[in-house]
file upload25.cif (mmCIF, C-alpha atoms)
data_protein
#
loop_
_atom_site.label_atom_id
_atom_site.label_comp_id
_atom_site.auth_asym_id
_atom_site.auth_seq_id
_atom_site.Cartn_x
_atom_site.Cartn_y
_atom_site.Cartn_z
CA MET C 28 126.43 113.10 145.13
CA ALA C 29 126.17 115.61 142.29
CA HIS C 30 128.67 115.51 139.43
CA GLY C 31 129.80 117.63 136.52
CA PRO C 32 130.42 121.37 136.16
CA TYR C 33 126.80 122.20 137.01
CA GLY C 34 126.55 119.94 140.05
CA LEU C 35 123.58 118.05 138.62
CA GLY C 36 122.73 114.37 138.42
CA ARG C 37 124.93 111.36 139.15
CA LEU C 38 127.18 109.00 137.28
CA ALA C 39 125.24 106.39 135.25
CA LEU C 40 125.49 102.84 136.57
CA PRO C 41 127.08 100.21 134.28
CA GLU C 42 123.76 98.35 133.94
CA GLU C 43 122.03 101.60 132.93
CA ILE C 44 124.63 102.24 130.26
CA ASN C 45 124.33 98.68 128.96
CA ALA C 46 120.53 99.02 128.70
CA TRP C 47 120.93 102.17 126.61
CA ASN C 48 123.96 101.13 124.56
CA LEU C 49 122.22 98.96 121.94
CA ASP C 50 124.18 99.86 118.81
CA ILE C 51 125.67 97.12 116.64
CA LEU C 52 128.80 97.90 114.61
CA PRO C 53 129.42 96.60 111.06
CA ASP C 54 132.06 94.16 112.36
CA GLY C 55 129.50 92.56 114.70
CA THR C 56 130.65 94.33 117.85
CA GLY C 57 127.72 94.63 120.22
CA LEU C 58 125.78 91.65 118.90
CA PRO C 59 123.87 89.82 121.65
CA ASP C 60 123.95 86.07 122.18
CA GLY C 61 121.24 84.16 120.39
CA GLU C 62 120.25 82.79 117.00
CA GLY C 63 117.32 82.58 114.63
CA ASP C 64 116.48 80.56 111.52
CA VAL C 65 114.60 81.57 108.40
CA TRP C 66 111.37 79.66 109.02
CA THR C 67 111.02 80.77 112.61
CA GLY C 68 111.56 84.27 111.24
CA ASP C 69 108.81 83.66 108.68
CA GLU C 70 106.31 82.96 111.49
CA ILE C 71 107.41 85.90 113.64
CA PHE C 72 107.49 88.25 110.64
CA SER C 73 103.96 87.20 109.72
CA GLU C 74 102.77 87.94 113.26
CA TYR C 75 104.50 91.25 113.93
CA CYS C 76 105.72 92.74 110.64
CA ALA C 77 103.53 91.62 107.74
CA VAL C 78 100.75 94.08 108.61
CA CYS C 79 102.98 96.89 107.26
CA HIS C 80 105.66 95.14 105.23
CA GLY C 81 103.66 92.31 103.60
CA ASP C 82 103.97 88.56 104.09
CA PHE C 83 106.98 88.46 101.76
CA ALA C 84 108.58 91.79 102.79
CA GLU C 85 107.12 93.31 99.63
CA GLY C 86 105.57 96.28 101.45
CA VAL C 87 101.91 97.21 101.92
CA ASP C 88 100.58 100.44 100.42
CA ASN C 89 103.03 103.18 101.46
CA TRP C 90 104.81 101.12 104.10
CA PRO C 91 108.42 100.33 103.14
CA LYS C 92 109.42 97.42 100.93
CA LEU C 93 112.18 95.40 102.56
CA ALA C 94 112.97 93.08 99.66
CA GLY C 95 113.70 93.46 95.96
CA GLY C 96 115.09 96.41 94.05
CA MET C 97 118.30 94.71 92.94
CA GLY C 98 119.97 96.66 90.15
CA THR C 99 117.73 99.73 90.48
CA LEU C 100 120.08 102.13 92.27
CA ASP C 101 121.26 103.70 89.00
CA ARG C 102 117.70 104.55 87.95
CA GLU C 103 115.84 107.81 88.43
CA ASP C 104 113.48 106.17 90.94
CA PRO C 105 115.50 103.43 92.69
CA LEU C 106 113.94 100.89 95.04
CA LYS C 107 116.01 101.04 98.23
CA THR C 108 115.56 97.89 100.30
CA VAL C 109 117.64 95.90 102.76
CA GLY C 110 118.90 93.79 99.87
CA SER C 111 119.48 96.46 97.26
CA TYR C 112 120.67 99.44 99.30
CA TRP C 113 121.69 98.85 102.91
CA PRO C 114 125.47 98.33 103.09
CA TYR C 115 125.72 96.67 106.52
CA LEU C 116 123.67 93.87 108.03
CA SER C 117 124.34 95.44 111.44
CA THR C 118 122.11 98.36 110.41
CA THR C 119 119.20 96.00 109.80
CA PHE C 120 119.70 94.12 113.06
CA ASP C 121 120.15 97.31 115.08
CA TYR C 122 117.05 98.96 113.60
CA VAL C 123 114.76 95.96 114.10
CA ARG C 124 116.02 95.46 117.64
CA ARG C 125 115.76 99.13 118.57
CA SER C 126 112.61 100.34 116.79
CA MET C 127 110.35 97.47 115.77
CA PRO C 128 107.57 96.44 115.81
CA PHE C 129 106.08 99.85 115.13
CA GLY C 130 104.27 101.15 118.19
CA ASN C 131 105.68 98.42 120.42
CA ALA C 132 109.44 98.83 120.08
CA GLN C 133 112.01 96.77 122.00
CA THR C 134 109.55 94.02 122.93
CA LEU C 135 111.23 91.39 120.71
CA THR C 136 113.70 88.95 122.20
CA ASP C 137 117.18 88.75 120.70
CA ASP C 138 116.34 85.33 119.22
CA GLU C 139 113.26 86.86 117.57
CA VAL C 140 115.35 89.68 116.11
CA TYR C 141 117.87 87.18 114.70
CA SER C 142 114.98 85.20 113.19
CA ILE C 143 113.29 88.23 111.61
CA VAL C 144 116.56 89.44 110.10
CA ALA C 145 117.26 85.93 108.77
CA TYR C 146 113.85 85.94 107.06
CA ILE C 147 114.46 89.40 105.56
CA LEU C 148 117.78 88.13 104.16
CA TYR C 149 116.02 85.09 102.71
CA SER C 150 113.36 87.34 101.16
CA ASN C 151 116.18 89.14 99.35
CA ASP C 152 117.72 85.84 98.12
CA LEU C 153 120.84 86.51 100.19
CA VAL C 154 120.72 83.28 102.23
CA ASP C 155 119.32 79.77 101.78
CA GLU C 156 116.21 78.51 103.52
CA ASP C 157 118.20 76.49 106.05
CA PHE C 158 120.30 79.49 107.15
CA VAL C 159 120.63 80.24 110.86
CA LEU C 160 121.75 83.76 111.82
CA SER C 161 123.88 84.21 114.96
CA LYS C 162 126.98 86.02 116.18
CA GLU C 163 129.05 83.29 114.54
CA THR C 164 127.38 83.50 111.10
CA PHE C 165 126.68 87.23 111.04
CA LEU C 166 129.75 88.21 109.03
CA ASP C 167 129.21 85.34 106.57
CA VAL C 168 126.42 87.39 104.97
CA GLU C 169 127.57 89.57 102.06
CA MET C 170 125.43 92.65 101.51
CA PRO C 171 125.28 93.51 97.76
CA ASN C 172 125.73 97.25 98.30
CA ALA C 173 128.55 97.04 100.84
CA ASP C 174 130.88 98.97 98.51
CA GLY C 175 128.25 101.39 97.27
CA PHE C 176 128.94 104.14 99.80
CA ILE C 177 131.83 106.60 100.13
CA LEU C 178 133.21 108.38 103.16
CA ASP C 179 131.71 111.78 103.88
CA ASP C 180 134.66 114.10 103.20
CA ARG C 181 132.71 117.34 102.95
CA ALA C 182 134.45 118.76 106.02
CA GLU C 183 137.74 118.63 104.13
CA THR C 184 136.57 119.32 100.57
CA GLU C 185 133.68 121.78 100.95
CA LEU C 186 133.64 123.36 104.39
CA GLU C 187 136.24 125.98 103.50
CA ARG C 188 134.10 127.27 100.63
CA PHE C 189 131.15 127.83 102.96
CA SER C 190 133.01 129.23 105.96
CA GLN C 191 134.30 132.45 104.40
CA GLU C 192 132.85 135.93 104.80
CA PRO C 193 129.70 136.31 102.65
CA CYS C 194 130.18 138.55 99.62
CA MET C 195 126.96 140.55 100.24
CA GLU C 196 126.97 141.76 96.62
CA ASN C 197 124.35 141.45 93.86
CA CYS C 198 121.72 140.45 96.41
CA LYS C 199 118.01 140.60 95.72
CA ASP C 200 116.20 143.74 96.79
CA SER C 201 113.62 141.69 98.66
CA VAL C 202 112.79 138.09 99.54
CA GLU C 203 109.26 136.83 99.03
CA ILE C 204 107.51 133.62 100.07
CA THR C 205 106.05 132.17 96.86
CA MET C 206 104.62 128.89 98.15
CA ARG C 207 104.03 127.02 101.40
CA ALA C 208 104.83 123.35 101.99
CA ALA C 209 101.24 122.62 103.02
CA VAL C 210 99.92 123.89 99.71
CA LEU C 211 102.57 121.92 97.83
CA ASP C 212 100.94 118.77 99.22
CA VAL C 213 103.98 117.54 101.15
CA THR C 214 102.03 117.66 104.41
CA PRO C 215 99.94 114.57 105.37
CA GLU C 216 96.33 115.01 104.30
CA GLU C 217 94.85 114.75 107.79
CA THR C 218 96.92 117.68 109.08
CA ARG C 219 97.08 119.73 105.90
CA ALA C 220 93.86 121.67 106.40
CA LYS C 221 94.70 122.33 110.04
CA THR C 222 98.15 123.60 109.08
CA ILE C 223 96.83 126.00 106.46
CA ALA C 224 94.05 127.16 108.76
CA LYS C 225 96.61 127.91 111.45
CA LEU C 226 98.78 129.87 109.03
CA ILE C 227 95.84 132.03 108.05
CA LYS C 228 94.59 132.24 111.63
CA ASP C 229 98.00 133.54 112.74
CA THR C 230 97.75 136.23 110.07
CA ASP C 231 94.11 137.08 110.73
CA PRO C 232 92.97 136.09 114.25
CA LYS C 233 89.36 136.84 113.30
CA ALA C 234 89.28 134.26 110.50
CA PRO C 235 87.32 131.09 111.46
CA LYS C 236 89.25 127.89 110.91
CA ALA C 237 86.83 126.48 108.36
CA GLU C 238 86.86 129.71 106.35
CA ALA C 239 90.65 129.89 106.58
CA ALA C 240 91.07 126.43 105.12
CA GLU C 241 88.43 127.13 102.51
CA ALA C 242 90.32 130.25 101.47
CA GLU C 243 93.17 128.02 100.33
CA GLY C 244 90.80 125.67 98.50
CA VAL C 245 91.40 122.79 100.92
CA GLU C 246 88.69 120.57 102.32
CA THR C 247 88.69 120.40 106.09
CA ALA C 248 89.68 117.10 107.64
CA ALA C 249 86.18 116.67 109.02
CA ALA C 250 84.49 116.95 105.60
CA PRO C 251 84.42 113.22 104.76
CA VAL C 252 82.94 112.44 108.19
CA ALA C 253 80.35 115.15 107.74
CA GLU C 254 79.33 113.56 104.44
CA ALA C 255 78.98 110.22 106.16
CA ALA C 256 76.78 111.65 108.93
CA PRO C 257 73.47 111.23 107.05
CA ALA C 258 74.31 107.56 106.51
CA ALA C 259 74.88 107.19 110.24
CA GLU C 260 71.45 108.72 110.88
CA GLU C 261 69.81 106.49 108.28
CA THR C 262 71.25 103.37 109.86
CA ALA C 263 70.66 104.49 113.46
CA PRO C 264 67.98 101.82 114.04
CA ALA C 265 70.46 99.14 113.02
CA VAL C 266 73.00 100.51 115.49
CA GLU C 267 70.41 100.65 118.24
CA ALA C 268 69.41 97.08 117.48
CA ALA C 269 72.99 95.87 117.56
CA ALA C 270 74.02 97.73 120.70
CA PRO C 271 71.92 95.74 123.19
CA ALA C 272 73.18 92.47 121.71
CA ALA C 273 76.75 93.63 122.16
CA SER C 274 76.18 94.43 125.81
CA GLU C 275 73.93 91.55 126.89
CA ALA C 276 76.72 89.88 128.81
CA ALA C 277 80.07 91.12 130.02
CA PRO C 278 82.96 89.66 128.01
CA ASP C 279 84.88 86.78 129.56
CA PRO C 280 87.90 88.34 131.38
CA ALA C 281 90.21 85.58 130.17
CA LEU C 282 89.09 86.13 126.58
CA VAL C 283 89.56 89.88 126.97
CA ALA C 284 93.10 89.32 128.24
CA ALA C 285 93.82 87.07 125.26
CA GLY C 286 92.39 89.74 122.97
CA GLU C 287 94.66 92.37 124.46
CA ALA C 288 97.64 90.21 123.51
CA VAL C 289 96.38 89.68 119.96
CA PHE C 290 95.61 93.40 119.65
CA LYS C 291 99.37 94.08 119.69
CA LYS C 292 99.19 93.31 115.97
CA CYS C 293 96.76 96.21 115.59
CA LYS C 294 98.52 98.78 117.79
CA ALA C 295 100.68 100.03 114.94
CA CYS C 296 97.60 101.74 113.49
CA HIS C 297 94.81 101.74 116.10
CA MET C 298 94.34 102.90 119.67
CA VAL C 299 91.72 101.74 122.17
CA GLY C 300 91.02 102.57 125.80
CA ASP C 301 91.49 105.76 127.81
CA GLY C 302 92.84 108.62 125.73
CA ALA C 303 92.53 106.70 122.45
CA LYS C 304 92.93 108.90 119.38
CA ASN C 305 92.75 108.41 115.63
CA ARG C 306 96.11 107.41 114.17
CA VAL C 307 96.80 105.69 110.86
CA GLY C 308 93.50 103.96 111.60
CA PRO C 309 90.53 105.21 113.65
CA ALA C 310 90.29 104.87 117.43
CA LEU C 311 88.29 101.72 118.21
CA ASN C 312 86.48 102.65 121.42
CA GLY C 313 82.83 101.74 120.91
CA VAL C 314 83.42 100.14 117.52
CA VAL C 315 81.23 97.11 118.33
CA GLY C 316 77.73 98.12 117.24
CA ARG C 317 78.93 101.22 115.38
CA THR C 318 78.12 102.09 111.78
CA ALA C 319 81.09 101.52 109.46
CA GLY C 320 82.99 104.65 108.51
CA SER C 321 81.49 106.84 111.25
CA ALA C 322 84.27 107.47 113.79
CA GLU C 323 84.43 111.20 114.39
CA GLY C 324 87.35 113.05 112.85
CA PHE C 325 88.81 110.16 110.84
CA LYS C 326 89.14 110.34 107.07
CA TYR C 327 87.89 107.01 105.73
CA SER C 328 88.37 105.53 102.29
CA LYS C 329 85.47 105.85 99.87
CA PRO C 330 84.68 102.09 99.99
CA MET C 331 84.42 102.21 103.81
CA LEU C 332 82.16 105.26 103.69
CA ALA C 333 80.03 103.54 101.04
CA ALA C 334 79.72 100.45 103.24
CA GLY C 335 78.42 102.61 106.07
CA GLU C 336 75.97 104.36 103.79
CA GLU C 337 74.68 100.95 102.71
CA GLY C 338 73.97 100.07 106.33
CA LEU C 339 77.00 98.07 107.45
CA VAL C 340 77.17 97.92 111.24
CA TRP C 341 80.10 96.42 113.10
CA ASP C 342 78.26 93.69 114.94
CA GLU C 343 80.14 90.52 115.89
CA ALA C 344 79.29 88.70 112.66
CA ALA C 345 80.55 91.58 110.50
CA LEU C 346 83.69 91.97 112.60
CA HIS C 347 84.41 88.24 112.29
CA GLU C 348 84.38 88.41 108.50
CA TYR C 349 86.23 91.72 108.29
CA LEU C 350 89.03 90.86 110.72
CA ALA C 351 89.66 87.58 108.93
CA ASP C 352 90.00 89.26 105.51
CA PRO C 353 89.80 93.08 105.56
CA LYS C 354 90.65 93.56 101.88
CA GLY C 355 88.28 90.85 100.73
CA TYR C 356 85.36 91.93 102.91
CA ILE C 357 85.44 95.59 101.82
CA LYS C 358 87.37 95.76 98.57
CA GLY C 359 89.44 98.90 98.10
CA ASN C 360 89.49 100.00 101.74
CA LYS C 361 92.83 101.29 103.00
CA MET C 362 93.38 98.93 105.94
CA ALA C 363 96.74 97.28 105.25
CA PHE C 364 96.42 94.39 107.71
CA ALA C 365 96.23 91.01 106.01
CA GLY C 366 93.79 89.61 108.59
CA LEU C 367 93.73 87.29 111.59
CA LYS C 368 94.10 83.70 110.45
CA LYS C 369 92.88 82.01 113.65
CA PRO C 370 89.15 82.25 114.53
CA ASP C 371 90.08 82.12 118.23
CA ASP C 372 92.16 85.27 117.78
CA VAL C 373 89.21 87.01 116.14
CA ASP C 374 86.94 86.01 119.06
CA ALA C 375 89.52 87.33 121.52
CA VAL C 376 89.98 90.68 119.76
CA ILE C 377 86.21 91.22 119.54
CA ALA C 378 85.89 90.50 123.27
CA TYR C 379 88.68 93.00 123.92
CA LEU C 380 86.96 95.64 121.80
CA LYS C 381 83.62 94.99 123.53
CA ALA C 382 85.38 95.75 126.82
CA HIS C 383 85.99 99.31 125.54
CA PRO C 384 82.52 100.65 124.70
#
call {"tool": "encode", "arguments": {"input": "upload25.cif", "output": "structure tokens"}}
result
Amino acid sequence: MAHGPYGLGRLALPEEINAWNLDILPDGTGLPDGEGDVWTGDEIFSEYCAVCHGDFAEGVDNWPKLAGGMGTLDREDPLKTVGSYWPYLSTTFDYVRRSMPFGNAQTLTDDEVYSIVAYILYSNDLVDEDFVLSKETFLDVEMPNADGFILDDRAETELERFSQEPCMENCKDSVEITMRAAVLDVTPEETRAKTIAKLIKDTDPKAPKAEAAEAEGVETAAAPVAEAAPAAEETAPAVEAAAPAASEAAPDPALVAAGEAVFKKCKACHMVGDGAKNRVGPALNGVVGRTAGSAEGFKYSKPMLAAGEEGLVWDEAALHEYLADPKGYIKGNKMAFAGLKKPDDVDAVIAYLKAHP
């Protein structure tokens, strides 16, 4: 039966509301049953979170730091972390439970969320190593910046000033656009050229995209790949030699299934399978047997491009070494992942990747 003034839809069932109503209030209202200790959190954090936030919540590259920053909020460039800035522990719990891990949200159990939050607290020196977080101990945690926020009273103190009739006097004769955000370099690099090209294309439909981007002095996103193309041609024999070896036998289905589970650690940055696209990292379809730094349309780091130019091909041996220690194998590359510590996990992921030629 339809409801509401427009006669659309139906009343939500209680179980549907409960599934959607995940928010946790500062006083602990809404917390689920469960518990988690610091060292269990350490293990789970290492598996699901360290790829972006570091093993010690110190952050990796541009991914957020979750620990540290105490006493920096009065500086020009403060470090805002869970320990230094967030006023309520409920915000941390709610965010982890609702949105993490990146690319695979709401797959953690409540016990896992309690454990991860306990480890984040420990990383900020807010609890001891034997601390167990639960509904009962939640309010025992004192957040350092709990009193650092004020109520938003702008509706009472400022709204009146901005809700009067405009004066419409002493206005400028004309308004001009002096700069665009894309040119100011606040747009991500991989979309910047496309954005500028579109702006110019909209103004002049006859302007080719490459020429439009060039008119603004911006390299197109495909430029680095184009530079790497000769290297791919030079190492083509190596690729051809590696490809048959990669396809001699079909991967073990059980190993592929295990690799799919391990690949969850990679999904924050990489896609594989039907419809896979470049994200933070390149799409990995056909990576086994491919020259390093040669995925079409992805902007690689200079060290990765150099490795490809020197003849590096992602055969199983190379993948084994790289996946175990990405930063050590190709120093200076921009892959943030710390590496797979278990050789069996590496075998499984390679089998999974081989299943997506």
call {"tool": "residues_around", "arguments": {"input": "upload25.cif", "residues": "stretch 132-145 of chain C", "least_positions_apart": "6", "cutoff": "9 Å", "atoms": "only C-alpha atoms", "output": "list in words"}}
result
Pro59, Asp60, Gly61, Glu62, Gly63, Asp64, Val65, Trp66, Thr67, Gly68, Asp69, Glu70, Ile71, Phe72, Cys76, Leu116, Thr119, Phe120, Val123, Arg124, Arg125, Ser126, Val154, Phe158, Val159, Leu160 and Ser161 of chain C
call {"tool": "atom_distance", "arguments": {"input": "upload25.cif", "atom1": "atom CA of C:Leu40", "atom2": "atom CA of C:Thr56"}}
result
21.2 Å
call {"tool": "closest_residue", "arguments": {"input": "upload25.cif", "among": "C:Arg207, C:Lys294, C:Lys162, C:Arg37", "to": "C:Phe364", "atoms": "all atoms listed in the file"}}
result
C:Lys294
call {"tool": "resolve_selection", "arguments": {"input": "upload25.cif", "expression": "the PyMOL selection byres ((chain C and resi 85) around 12)", "output": "list in words"}}
result
Cys76, Ala77, Val78, Cys79, His80, Gly81, Asp82, Phe83, Ala84, Gly86, Val87, Asp88, Asn89, Trp90, Pro91, Lys92, Leu93, Ala94, Gly95, Gly96, Leu106, Lys107, Thr108, Val109, Gly110, Ile147, Ser150 and Asn151 of chain C
call {"tool": "closest_residue", "arguments": {"input": "upload25.cif", "among": "C:Val315, C:Ala382, C:Cys194, C:Leu367", "to": "C:Cys293", "atoms": "only C-alpha atoms"}}
result
C:Leu367
call {"tool": "resolve_selection", "arguments": {"input": "upload25.cif", "expression": "the PyMOL selection byres ((chain C and resi 175) around 12)", "output": "list in words"}}
result
Gly98, Leu100, Asp101, Ser111, Tyr112, Trp113, Pro114, Tyr115, Met170, Pro171, Asn172, Ala173, Asp174, Phe176, Ile177 and Leu178 of chain C
call {"tool": "write_last_selection", "arguments": {"input": "upload25.cif", "atoms": "C-alpha atoms", "output": "CSV table (one decimal), in the frame of the given file"}}
result
chain,number,residue,atom,x,y,z
C,98,GLY,CA,120.0,96.7,90.2
C,100,LEU,CA,120.1,102.1,92.3
C,101,ASP,CA,121.3,103.7,89.0
C,111,SER,CA,119.5,96.5,97.3
C,112,TYR,CA,120.7,99.4,99.3
C,113,TRP,CA,121.7,98.8,102.9
C,114,PRO,CA,125.5,98.3,103.1
C,115,TYR,CA,125.7,96.7,106.5
C,170,MET,CA,125.4,92.6,101.5
C,171,PRO,CA,125.3,93.5,97.8
C,172,ASN,CA,125.7,97.2,98.3
C,173,ALA,CA,128.6,97.0,100.8
C,174,ASP,CA,130.9,99.0,98.5
C,176,PHE,CA,128.9,104.1,99.8
C,177,ILE,CA,131.8,106.6,100.1
C,178,LEU,CA,133.2,108.4,103.2
call {"tool": "atom_distance", "arguments": {"input": "upload25.cif", "atom1": "atom CA of C:Met298", "atom2": "atom CA of C:Leu311"}}
result
6.3 Å
call {"tool": "resolve_selection", "arguments": {"input": "upload25.cif", "expression": "the PyMOL selection byres ((chain C and resi 369) around 12)", "output": "list in words"}}
result
Glu74, Val289, His347, Glu348, Leu350, Ala351, Asp352, Gly366, Leu367, Lys368, Pro370, Asp371, Asp372, Val373, Asp374, Ala375 and Val376 of chain C
call {"tool": "atom_distance", "arguments": {"input": "upload25.cif", "atom1": "atom CA of C:Pro384", "atom2": "atom CA of C:Phe129"}}
result
25.4 Å
call {"tool": "closest_residue", "arguments": {"input": "upload25.cif", "among": "C:Pro53, C:Pro128, C:Pro41, C:Pro353", "to": "C:Lys291", "atoms": "all atoms listed in the file"}}
result
C:Pro128
call {"tool": "closest_residue", "arguments": {"input": "upload25.cif", "among": "C:His383, C:Lys292, C:Lys354, C:Lys361", "to": "C:Ala310", "atoms": "only C-alpha atoms"}}
result
C:His383
call {"tool": "closest_residue", "arguments": {"input": "upload25.cif", "among": "C:Ile357, C:Ile377, C:Ala284, C:Leu52", "to": "C:Asn312", "atoms": "all atoms listed in the file"}}
result
C:Ile377
call {"tool": "closest_residue", "arguments": {"input": "upload25.cif", "among": "C:Ile204, C:Val340, C:Val314, C:Gly57", "to": "C:Asn45", "atoms": "all atoms listed in the file"}}
result
C:Gly57
call {"tool": "residues_around", "arguments": {"input": "upload25.cif", "residues": "C:Ala334", "least_positions_apart": "6", "cutoff": "10 Å", "atoms": "all atoms listed in the file", "output": "list of chain:residue names"}}
result
C:Ala258, C:Thr318, C:Ala319, C:Gly320, C:Val340, C:Ile357, C:Asn360
call {"tool": "write_last_selection", "arguments": {"input": "upload25.cif", "atoms": "C-alpha atoms", "output": "PDB file, keeping the file's coordinate frame"}}
result
ATOM      1  CA  ALA C 258      74.310 107.560 106.510  1.00  0.00           C
ATOM      2  CA  THR C 318      78.120 102.090 111.780  1.00  0.00           C
ATOM      3  CA  ALA C 319      81.090 101.520 109.460  1.00  0.00           C
ATOM      4  CA  GLY C 320      82.990 104.650 108.510  1.00  0.00           C
ATOM      5  CA  VAL C 340      77.170  97.920 111.240  1.00  0.00           C
ATOM      6  CA  ILE C 357      85.440  95.590 101.820  1.00  0.00           C
ATOM      7  CA  ASN C 360      89.490 100.000 101.740  1.00  0.00           C
TER       8      ASN C 360
END
call {"tool": "axis_aligned_box", "arguments": {"input": "upload25.cif", "around": "stretch 94-97 of chain C", "padding_each_side": "5 Å", "output": "lines of an AutoDock Vina configuration file"}}
result
center_x = 115.6
center_y = 94.7
center_z = 96.3
size_x = 15.3
size_y = 13.3
size_z = 16.7
